[in-house]
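A.B. asks: Let me begin by handing over the structure; questions about it come next.
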Amino acid sequence: MAQLLRSRKHTTLLFVLWLLLLVAGLGVGLASGVHVLVNGLGVTNLTNQAPWGLWIVVDLSSIALGAGAFTLSAAVYVFRLKHLEAIARAAVFVGLLGYTSAMLALLMDIGRPDRFYHPMIYWNVHSVLWEITLAVMLYTTVLVLEFVPIAIESLVPHRFHFLHRLAHFLHRVMPVIALIGMSISMIHQSSLGATYGILTARPVWYSPSAPVMFILSAIAGGPALTLFLALLSGILLNKDMLPRRVVRDVARLIGFAALAYLYLKLWSWASTTYYSRIPERETGLELLNLNTPYGFTFWWGEVLLGAVVPAIIMLWSRLRNNRYILMFGCALVIFGLLIYRWNMTLSGFTVPLNWNPGVRNVEHINIYTPSLVEWGVTLGIFCYGCLAFTLGVRFLNLFPEAKPMTPDTETAPVAVEHTPPASEPPMQPQPSGAD
Amino acid sequence: MSNQSEPATEVSTAKERTTILTRREFTTLLIGSGVTMAMAAFLSEPLNPAVARMLEAQKATEGHGKRKRHWVMVIDLSKCVGCDYCVYACQATNDTTDDMRWNIRIDDETETGKVFHLTRPCLHCQHAPCVEVCPVAATYHREDGLVVMDYNKCIGCRYCQTACPYGARVFNWIERGDEPNPRAGDWGRPEVPRRPRGVVEKCTFCIHRIDAGLARGQMPGVDPEATPACVNICPVNARHFGDLNNPDSRVARIIASQPTLRLREDLGTDPSVYYIPPEGLV
């Protein structure tokens with residue numbers, strides 16, 4: 001490890017300060033986490049009326065933002081878009097960070113962290129949350145299997161032949177692992193939306209479209225985070241981490257996913273509030289708009305800034321070709337996803353349950369604002385992700401095709417793309433002989 | 001290359017299969033489909049009343065000849081005066097604090113403005129959303145209709161709280177010390193141990209009294225020792241408890257003879273708490 005540290009140059013003061021900042025944030029998170037574990041969830045602002053809050057939002061968002069791993073792995077290994085392999089490694093790493101972050105948040109959030117393994121022993125196959133728990137555990141295993149070859153290749157000296165053979169073997173079976181990973185992800189990414197979507201007693205939540213909206217926003221948001229981080233590290237290291245063609249294709253994938261998400265979102269809104277009316281849902285939305293900025297955040301955050309604007313950026317080549325605008329677009333997708341997860345989680349709790357047979361509103365609006373401890377834990381998880389990615393970019397070979405940076409305006413993107421890299425084998429066999 | 005050999009294969013198959021259905025195949029098919037249809041006819045309930053009756057009997061019994069019980073509560077809203085006695089007795093008996101009551105009272109009014117008092121224990125739904133969503137099956141249906149908690153399985157994820165349409169579940173946010181129960185003494189004394197921090201709990205219909213009472217040969221709803229505390233203490237006899245599957249029980253007679261309502265029947269949860277509506281409430 002010391003060898004490895006010495007072999008890298010360019011340890012600037014700014015880099016050290018950045019690391020120190022992250023470590024400080026991690027310390028805050030650790031202190032908050034210990035506080036919660038010792039004193040229980042009573043230190044949070046959660047109540048029996050709003051039992052889920054910021055940590056569930058963190059959990060849902062990190063899993064969704066880790067979706068780049070399954071999306072891009074599937075693109076490379078299942079759909080055979082080989083050139084996207086340039087970003088697949090980074091996506092797997094970001095995915096692993098996302099899923100471990102989610103697990104940290106969940107561990108904080110459940111009342112009995114010492115029983116985290118119970119879903120594996122005590123099965124309730126009817127529970128959507130049981131399915132999610134199992135799928136998240138399985139998929140994290142998949143991510144570890146996908147990550148191990150990267151780690152071995154980057155960190156383990158060549159004299160450890162066995163480990164390198166293991167890495168090689170894992171690399172060879174990667175299509176199978178990717179297929180399994182994709183299947184598991186397709187299930188649980190949407191089931192997270194179903195967590196709310198299936199609750200018939202909560203009219204603001206109940207929607208068959210929620211699972212599909214969750215997975216579509218994850219397919220947009222996951223690659224968006226990976227692409228954002230790749231572009232950001234490129235700017236900081238003065239490199240092009242990804243070939244132009246890869247950036248373009250991933251941006252288009254994000255754009256189309258955002259459009260699909262937008263389409264479903266607008267229909268889901270129109271079919272339940274505009275073209276039809278469910279009295280309870282109507283009252284619920286009225287209450288939300290009276291007491292929270294729900295309507296504003298929905299239209300401006302989720303729809304306009306979270307889907308419309310980024311879809312335009314991702315699909316309009318003139319905007320997309322500027323890396324700063326592209327990064328802004330990725331950030332917007334991520335922002336929209338966070339707003340959606342926040343709104344989804346809290347809106348259902350804010351609107352009180354309606355079970356009394358009379359005409360009075362007996363239950364009160366539940367306004368939840370996270371406590372300082374909840375923010376502390378969230379900061380810690382965020383800093384964990386940033387620190388791990390920073391170190392990952394430095395010590396792991398996450399971007400195998402990184403090259404010195406060329407300015408955005410200099411290259412005509414289309415002309416360069418068509419010459420395949422020399423290392424790549426020809427894609428199609430030569431047509432020889434008659435069929 | 002395989003294109004050339006294909007027509008030859010087709011011809012040879014056609015030559016072999018001059019008979020489309022051999023006699024043996026025909027017979028097998030005939031007997032097979034006959035047996036299948038006979039079995040289907042025998043097993044399907046509308047076609048075979050005997051099987052239907054058998055299944056019905058099987059559903060109604062516990063397996064060892066006894067009729068399966070279904071504990072239900074009837075709460076008479078036209079009698080309830082809103083005294084909160086049942087709330088306090090429940091707190092004392094089940095050892096709950098003021099902000100984690102299992103049985104709550106609300107004041108509601110009919111459309112004509114008549115105020116009535118509604119108390120709400122856990123409704124022990126026969127299709128309970130909390131049971132359906134629990135990832136570890138820590139909350140489950142008992143044979144006798146009760147929805148119960150296994151505090152040793154619960155991981156404290158609180159999805160059941162999210163899913164319960166009636167807000168009947170409370171979470172142990174903090175570790176409870178040895179401080180005395182605020183209602184113990186006047187309203188009874190704790191009969192069950194305190195629950196640990198980090199698990200969800202809810203009304204049990206005083207399951208400890210039911211089980212111990214039955215073991216002693218007492219009948220819940222008749223003998224006070226075997227009956228939920230909230231039912232015993234009610235000064236106006238607004239609460240009744242008993243076995244709905246026993247047509248002679250008081251609850252079965254009330255439900256058979258009087259109009260009753262259950263909360264949010266539209267959700268299909270099939271609650272075990274029946275309310276006798278106050279005047280003016282549909």
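Residues in the structure tokens are numbered from 1 in each chain, the chains being A, B, ... in the order shown, and ligands are numbered from 1 in the order shown.
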Please identify all residues of chain B having at least one atom at most 8 Å from any atom of chain A, considering only C-alpha atoms, and return them as a ChimeraX atom specification.
C.D. replies: /B:106-111,132-137,153-158,161-167,169-171,173-175,197-199,263-264,267,281
A.B. asks: Identify, on the basis of only C-alpha atoms, every residue whose closest approach to region 240-254 of chain B does not exceed 8 Å; exclude the query and any residue fewer than 2 positions from it along the same chain; express the result as number ranges by chain.
C.D. replies: B: 67-75, 220-222, 227-228, 231, 237-238, 256-258
A.B. asks: Filtering to C-alpha atoms, could you give me those residues as a PDB file, in the first residue's frame?
C.D. replies:
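Here's the written file result-v9.pdb:
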```
ATOM      1  CA  ARG B  67     -65.026 -25.364  16.090  1.00  0.00           C
ATOM      2  CA  LYS B  68     -62.510 -22.670  15.230  1.00  0.00           C
ATOM      3  CA  ARG B  69     -63.002 -19.557  17.306  1.00  0.00           C
ATOM      4  CA  HIS B  70     -63.047 -16.014  16.065  1.00  0.00           C
ATOM      5  CA  TRP B  71     -62.644 -13.440  18.809  1.00  0.00           C
ATOM      6  CA  VAL B  72     -64.468 -10.237  18.050  1.00  0.00           C
ATOM      7  CA  MET B  73     -65.321  -7.091  19.953  1.00  0.00           C
ATOM      8  CA  VAL B  74     -68.533  -5.114  19.685  1.00  0.00           C
ATOM      9  CA  ILE B  75     -68.412  -1.460  20.725  1.00  0.00           C
ATOM     10  CA  PRO B 220     -63.543 -15.053  27.255  1.00  0.00           C
ATOM     11  CA  GLY B 221     -66.344 -12.511  27.090  1.00  0.00           C
ATOM     12  CA  VAL B 222     -68.221 -14.253  29.901  1.00  0.00           C
ATOM     13  CA  THR B 227     -61.894 -10.997  29.074  1.00  0.00           C
ATOM     14  CA  PRO B 228     -59.979  -7.927  27.813  1.00  0.00           C
ATOM     15  CA  VAL B 231     -64.410  -4.676  28.169  1.00  0.00           C
ATOM     16  CA  ASN B 237     -71.481  -1.845  29.113  1.00  0.00           C
ATOM     17  CA  ALA B 238     -70.653  -0.442  25.711  1.00  0.00           C
ATOM     18  CA  ALA B 256     -76.930 -11.067  13.917  1.00  0.00           C
ATOM     19  CA  SER B 257     -79.725  -8.890  15.221  1.00  0.00           C
ATOM     20  CA  GLN B 258     -78.489  -5.309  14.982  1.00  0.00           C
TER      21      GLN B 258
END
```
A.B. asks: Could you work out how far CA of Glu302 (chain A) lies from CA of Arg244 (chain A), giving the answer in Å with one decimal?
C.D. replies: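 About the pair CA of Arg244 (chain A) and CA of Glu302 (chain A): they are 28.8 Å apart.
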A.B. asks: Determine, counting only C-alpha atoms, which protein, DNA and RNA residues have an atom within 9 Å of an atom of Val309 (chain A); residues of the same chain fewer than 6 positions away are not included. Present the result as a PyMOL selection string.
C.D. replies: chain A and resi 303+329+332-333
